[in-house]
>>> print(open('protein07.cif').read())   # mmCIF, C-alpha atoms; chains and numbers go by the auth columns
data_final
#
loop_
_atom_site.group_PDB
_atom_site.id
_atom_site.type_symbol
_atom_site.label_atom_id
_atom_site.label_comp_id
_atom_site.label_asym_id
_atom_site.label_seq_id
_atom_site.Cartn_x
_atom_site.Cartn_y
_atom_site.Cartn_z
_atom_site.B_iso_or_equiv
_atom_site.auth_seq_id
_atom_site.auth_asym_id
ATOM 1 C CA MET A 1 28.718 17.850 6.144 0.00 1 A
ATOM 2 C CA ILE A 2 26.970 19.394 9.160 0.00 2 A
ATOM 3 C CA PRO A 3 23.713 17.461 8.587 0.00 3 A
ATOM 4 C CA TYR A 4 25.757 14.233 8.487 0.00 4 A
ATOM 5 C CA LEU A 5 27.487 15.165 11.745 0.00 5 A
ATOM 6 C CA LEU A 6 24.201 15.949 13.469 0.00 6 A
ATOM 7 C CA ARG A 7 22.618 12.679 12.341 0.00 7 A
ATOM 8 C CA ALA A 8 25.640 10.681 13.497 0.00 8 A
ATOM 9 C CA ALA A 9 25.652 12.433 16.873 0.00 9 A
ATOM 10 C CA TRP A 10 21.956 11.697 17.335 0.00 10 A
ATOM 11 C CA ALA A 11 22.435 8.044 16.349 0.00 11 A
ATOM 12 C CA PHE A 12 25.150 7.551 19.000 0.00 12 A
ATOM 13 C CA ARG A 13 23.438 9.348 21.874 0.00 13 A
ATOM 14 C CA ALA A 14 23.204 7.566 25.209 0.00 14 A
ATOM 15 C CA ARG A 15 19.864 6.204 26.325 0.00 15 A
ATOM 16 C CA HIS A 16 17.995 8.517 28.678 0.00 16 A
ATOM 17 C CA TRP A 17 20.546 11.292 28.054 0.00 17 A
ATOM 18 C CA TYR A 18 17.925 13.828 29.123 0.00 18 A
ATOM 19 C CA ARG A 19 17.847 12.414 32.669 0.00 19 A
ATOM 20 C CA ARG A 20 21.504 13.117 33.525 0.00 20 A
ATOM 21 C CA ALA A 21 23.524 16.317 33.591 0.00 21 A
ATOM 22 C CA PRO A 22 24.854 17.868 31.397 0.00 22 A
ATOM 23 C CA PHE A 23 21.604 16.972 29.553 0.00 23 A
ATOM 24 C CA LEU A 24 23.301 16.599 26.178 0.00 24 A
ATOM 25 C CA PRO A 25 22.760 13.728 23.733 0.00 25 A
ATOM 26 C CA LEU A 26 26.348 12.423 24.032 0.00 26 A
ATOM 27 C CA PRO A 27 27.438 8.807 23.591 0.00 27 A
ATOM 28 C CA PRO A 28 28.625 6.972 26.705 0.00 28 A
ATOM 29 C CA ARG A 29 32.344 7.525 27.375 0.00 29 A
ATOM 30 C CA SER A 30 32.849 3.758 27.786 0.00 30 A
ATOM 31 C CA TYR A 31 31.416 3.187 24.297 0.00 31 A
ATOM 32 C CA LEU A 32 33.737 5.772 22.738 0.00 32 A
ATOM 33 C CA ARG A 33 36.784 4.286 24.466 0.00 33 A
ATOM 34 C CA TRP A 34 35.787 0.785 23.302 0.00 34 A
ATOM 35 C CA ARG A 35 35.314 1.994 19.703 0.00 35 A
ATOM 36 C CA LEU A 36 38.714 3.699 19.681 0.00 36 A
ATOM 37 C CA GLU A 37 40.403 0.663 21.197 0.00 37 A
ATOM 38 C CA THR A 38 38.876 -1.728 18.675 0.00 38 A
ATOM 39 C CA ALA A 39 39.773 0.570 15.777 0.00 39 A
ATOM 40 C CA TYR A 40 43.261 1.687 16.842 0.00 40 A
ATOM 41 C CA GLY A 41 44.336 -0.703 19.589 0.00 41 A
ATOM 42 C CA ASP A 42 44.352 2.199 22.041 0.00 42 A
ATOM 43 C CA PRO A 43 41.377 3.745 23.857 0.00 43 A
ATOM 44 C CA ASP A 44 43.123 7.117 23.544 0.00 44 A
ATOM 45 C CA GLY A 45 43.651 6.774 19.777 0.00 45 A
ATOM 46 C CA GLN A 46 42.539 9.600 17.508 0.00 46 A
ATOM 47 C CA PRO A 47 41.188 9.227 13.956 0.00 47 A
ATOM 48 C CA SER A 48 42.499 11.572 11.299 0.00 48 A
ATOM 49 C CA ILE A 49 40.153 14.275 9.997 0.00 49 A
ATOM 50 C CA ASP A 50 39.912 12.450 6.662 0.00 50 A
ATOM 51 C CA GLU A 51 39.069 9.161 8.358 0.00 51 A
ATOM 52 C CA PHE A 52 36.453 10.845 10.548 0.00 52 A
ATOM 53 C CA GLU A 53 34.851 12.515 7.529 0.00 53 A
ATOM 54 C CA ARG A 54 34.759 9.251 5.563 0.00 54 A
ATOM 55 C CA TYR A 55 33.139 7.494 8.524 0.00 55 A
ATOM 56 C CA ILE A 56 30.441 10.166 8.918 0.00 56 A
ATOM 57 C CA VAL A 57 29.555 10.015 5.210 0.00 57 A
ATOM 58 C CA TRP A 58 29.622 6.196 5.240 0.00 58 A
ATOM 59 C CA SER A 59 27.333 5.982 8.285 0.00 59 A
ATOM 60 C CA ALA A 60 24.853 8.389 6.682 0.00 60 A
ATOM 61 C CA ARG A 61 24.822 6.279 3.532 0.00 61 A
ATOM 62 C CA MET A 62 24.268 3.070 5.547 0.00 62 A
ATOM 63 C CA ARG A 63 21.364 4.599 7.512 0.00 63 A
ATOM 64 C CA ARG A 64 19.800 5.819 4.253 0.00 64 A
ATOM 65 C CA GLU A 65 20.136 2.370 2.650 0.00 65 A
ATOM 66 C CA MET A 66 18.564 0.682 5.667 0.00 66 A
ATOM 67 C CA THR A 67 15.657 3.144 5.556 0.00 67 A
ATOM 68 C CA ASP A 68 15.218 2.557 1.818 0.00 68 A
ATOM 69 C CA ARG A 69 15.156 -1.221 2.348 0.00 69 A
ATOM 70 C CA ARG A 70 12.498 -0.959 5.054 0.00 70 A
ATOM 71 C CA HIS A 71 10.245 1.047 2.746 0.00 71 A
ATOM 72 C CA ALA A 72 10.775 -1.156 -0.323 0.00 72 A
#
>>> encode(input="protein07.cif", output="structure tokens")
Amino acid sequence: MIPYLLRAAWAFRARHWYRRAPFLPLPPRSYLRWRLETAYGDPDGQPSIDEFERYIVWSARMRREMTDRRHA
């Protein structure tokens, strides 16, 4: 599960994250709030652990399929 988490974190990093403190590849806060609001109707909503895990695995599978299609 950790490799999936790391890949997802890298995929959602903000552009030019290395130019702004705290110099971590984090997604923009506005993007996270928008995602939570569109998913739960509340920008402060929280996914369950199960839902979060399913999303991470699903996103890894989608990235792998897109890579496979590009190389086919």
>>> atom_distance(input="protein07.cif", atom1="CA of Val57 (chain A)", atom2="CA of Tyr4 (chain A)")
6.6 Å
>>> residues_around(input="protein07.cif", residues="region 40-55 of chain A", least_positions_apart="2", cutoff="12 Å", atoms="all atoms listed in the file", output="list in words")
Met1, Ile2, Tyr4, Leu5, Ala8, Arg29, Ser30, Tyr31, Leu32, Arg33, Trp34, Arg35, Leu36, Glu37, Thr38, Val57, Trp58, Ser59, Ala60, Arg61 and Met62 of chain A
>>> atom_distance(input="protein07.cif", atom1="CA of Glu65 (chain A)", atom2="CA of Pro3 (chain A)")
16.6 Å
>>> atom_distance(input="protein07.cif", atom1="CA of Leu6 (chain A)", atom2="CA of Arg63 (chain A)")
13.1 Å
>>> closest_residue(input="protein07.cif", among="A:Arg15, A:Arg64, A:His71, A:Arg7", to="Pro27 (chain A)", atoms="all atoms listed in the file")
A:Arg15
>>> axis_aligned_box(input="protein07.cif", around="region 21-35 of chain A", padding_each_side="4 Å", output="lines of an AutoDock Vina configuration file")
center_x = 29.2
center_y = 9.3
center_z = 26.6
size_x = 23.2
size_y = 25.1
size_z = 21.9
>>> build_atoms(input="protein07.cif", residues="region 37-69 of chain A", atoms="N, CA and C atoms", output="mmCIF file, in the coordinates of the input")
data_model
loop_
_atom_site.group_PDB
_atom_site.id
_atom_site.type_symbol
_atom_site.label_atom_id
_atom_site.label_comp_id
_atom_site.auth_asym_id
_atom_site.auth_seq_id
_atom_site.Cartn_x
_atom_site.Cartn_y
_atom_site.Cartn_z
ATOM 1 N N GLU A 37 39.498 1.783 20.952
ATOM 2 C CA GLU A 37 40.403 0.663 21.197
ATOM 3 C C GLU A 37 40.261 -0.417 20.130
ATOM 4 N N THR A 38 39.046 -0.710 19.708
ATOM 5 C CA THR A 38 38.876 -1.728 18.675
ATOM 6 C C THR A 38 39.372 -1.249 17.319
ATOM 7 N N ALA A 39 39.316 0.036 17.062
ATOM 8 C CA ALA A 39 39.773 0.570 15.777
ATOM 9 C C ALA A 39 41.280 0.796 15.737
ATOM 10 N N TYR A 40 41.858 1.260 16.839
ATOM 11 C CA TYR A 40 43.261 1.687 16.842
ATOM 12 C C TYR A 40 44.141 0.928 17.822
ATOM 13 N N GLY A 41 43.549 0.027 18.606
ATOM 14 C CA GLY A 41 44.336 -0.703 19.589
ATOM 15 C C GLY A 41 44.681 0.129 20.815
ATOM 16 N N ASP A 42 44.063 1.289 20.937
ATOM 17 C CA ASP A 42 44.352 2.199 22.041
ATOM 18 C C ASP A 42 43.095 3.019 22.337
ATOM 19 N N PRO A 43 42.593 2.972 23.561
ATOM 20 C CA PRO A 43 41.377 3.745 23.857
ATOM 21 C C PRO A 43 41.585 5.257 23.768
ATOM 22 N N ASP A 44 42.833 5.688 23.699
ATOM 23 C CA ASP A 44 43.123 7.117 23.544
ATOM 24 C C ASP A 44 43.508 7.466 22.111
ATOM 25 N N GLY A 45 43.327 6.522 21.182
ATOM 26 C CA GLY A 45 43.651 6.774 19.777
ATOM 27 C C GLY A 45 42.774 7.869 19.186
ATOM 28 N N GLN A 46 43.277 8.512 18.153
ATOM 29 C CA GLN A 46 42.539 9.600 17.508
ATOM 30 C C GLN A 46 42.479 9.365 16.004
ATOM 31 N N PRO A 47 41.279 9.357 15.414
ATOM 32 C CA PRO A 47 41.188 9.227 13.956
ATOM 33 C C PRO A 47 41.646 10.519 13.284
ATOM 34 N N SER A 48 42.144 10.376 12.066
ATOM 35 C CA SER A 48 42.499 11.572 11.299
ATOM 36 C C SER A 48 41.211 12.270 10.861
ATOM 37 N N ILE A 49 41.318 13.519 10.474
ATOM 38 C CA ILE A 49 40.153 14.275 9.997
ATOM 39 C C ILE A 49 39.548 13.584 8.781
ATOM 40 N N ASP A 50 40.393 13.130 7.865
ATOM 41 C CA ASP A 50 39.912 12.450 6.662
ATOM 42 C C ASP A 50 39.157 11.172 7.020
ATOM 43 N N GLU A 51 39.714 10.401 7.936
ATOM 44 C CA GLU A 51 39.069 9.161 8.358
ATOM 45 C C GLU A 51 37.727 9.444 9.039
ATOM 46 N N PHE A 52 37.688 10.456 9.871
ATOM 47 C CA PHE A 52 36.453 10.845 10.548
ATOM 48 C C PHE A 52 35.396 11.265 9.532
ATOM 49 N N GLU A 53 35.788 12.062 8.556
ATOM 50 C CA GLU A 53 34.851 12.515 7.529
ATOM 51 C C GLU A 53 34.318 11.339 6.714
ATOM 52 N N ARG A 54 35.209 10.430 6.320
ATOM 53 C CA ARG A 54 34.759 9.251 5.563
ATOM 54 C C ARG A 54 33.782 8.410 6.379
ATOM 55 N N TYR A 55 34.037 8.262 7.678
ATOM 56 C CA TYR A 55 33.139 7.494 8.524
ATOM 57 C C TYR A 55 31.763 8.148 8.618
ATOM 58 N N ILE A 56 31.717 9.453 8.802
ATOM 59 C CA ILE A 56 30.441 10.166 8.918
ATOM 60 C C ILE A 56 29.620 10.007 7.643
ATOM 61 N N VAL A 57 30.259 10.162 6.491
ATOM 62 C CA VAL A 57 29.555 10.015 5.210
ATOM 63 C C VAL A 57 29.101 8.568 5.031
ATOM 64 N N TRP A 58 29.972 7.609 5.360
ATOM 65 C CA TRP A 58 29.622 6.196 5.240
ATOM 66 C C TRP A 58 28.428 5.856 6.137
ATOM 67 N N SER A 59 28.436 6.320 7.383
ATOM 68 C CA SER A 59 27.333 5.982 8.285
ATOM 69 C C SER A 59 26.017 6.589 7.810
ATOM 70 N N ALA A 60 26.072 7.783 7.231
ATOM 71 C CA ALA A 60 24.853 8.389 6.682
ATOM 72 C C ALA A 60 24.327 7.557 5.518
ATOM 73 N N ARG A 61 25.228 7.101 4.674
ATOM 74 C CA ARG A 61 24.822 6.279 3.532
ATOM 75 C C ARG A 61 24.209 4.955 4.009
ATOM 76 N N MET A 62 24.796 4.335 5.031
ATOM 77 C CA MET A 62 24.268 3.070 5.547
ATOM 78 C C MET A 62 22.879 3.262 6.163
ATOM 79 N N ARG A 63 22.690 4.345 6.933
ATOM 80 C CA ARG A 63 21.364 4.599 7.512
ATOM 81 C C ARG A 63 20.329 4.833 6.418
ATOM 82 N N ARG A 64 20.719 5.552 5.367
ATOM 83 C CA ARG A 64 19.800 5.819 4.253
ATOM 84 C C ARG A 64 19.434 4.514 3.544
ATOM 85 N N GLU A 65 20.420 3.649 3.311
ATOM 86 C CA GLU A 65 20.136 2.370 2.650
ATOM 87 C C GLU A 65 19.224 1.493 3.498
ATOM 88 N N MET A 66 19.431 1.479 4.800
ATOM 89 C CA MET A 66 18.564 0.682 5.667
ATOM 90 C C MET A 66 17.139 1.220 5.647
ATOM 91 N N THR A 67 16.986 2.534 5.635
ATOM 92 C CA THR A 67 15.657 3.144 5.556
ATOM 93 C C THR A 67 15.000 2.803 4.227
ATOM 94 N N ASP A 68 15.757 2.883 3.137
ATOM 95 C CA ASP A 68 15.218 2.557 1.818
ATOM 96 C C ASP A 68 14.760 1.104 1.760
ATOM 97 N N ARG A 69 15.517 0.204 2.368
ATOM 98 C CA ARG A 69 15.156 -1.221 2.348
ATOM 99 C C ARG A 69 13.887 -1.482 3.149
#
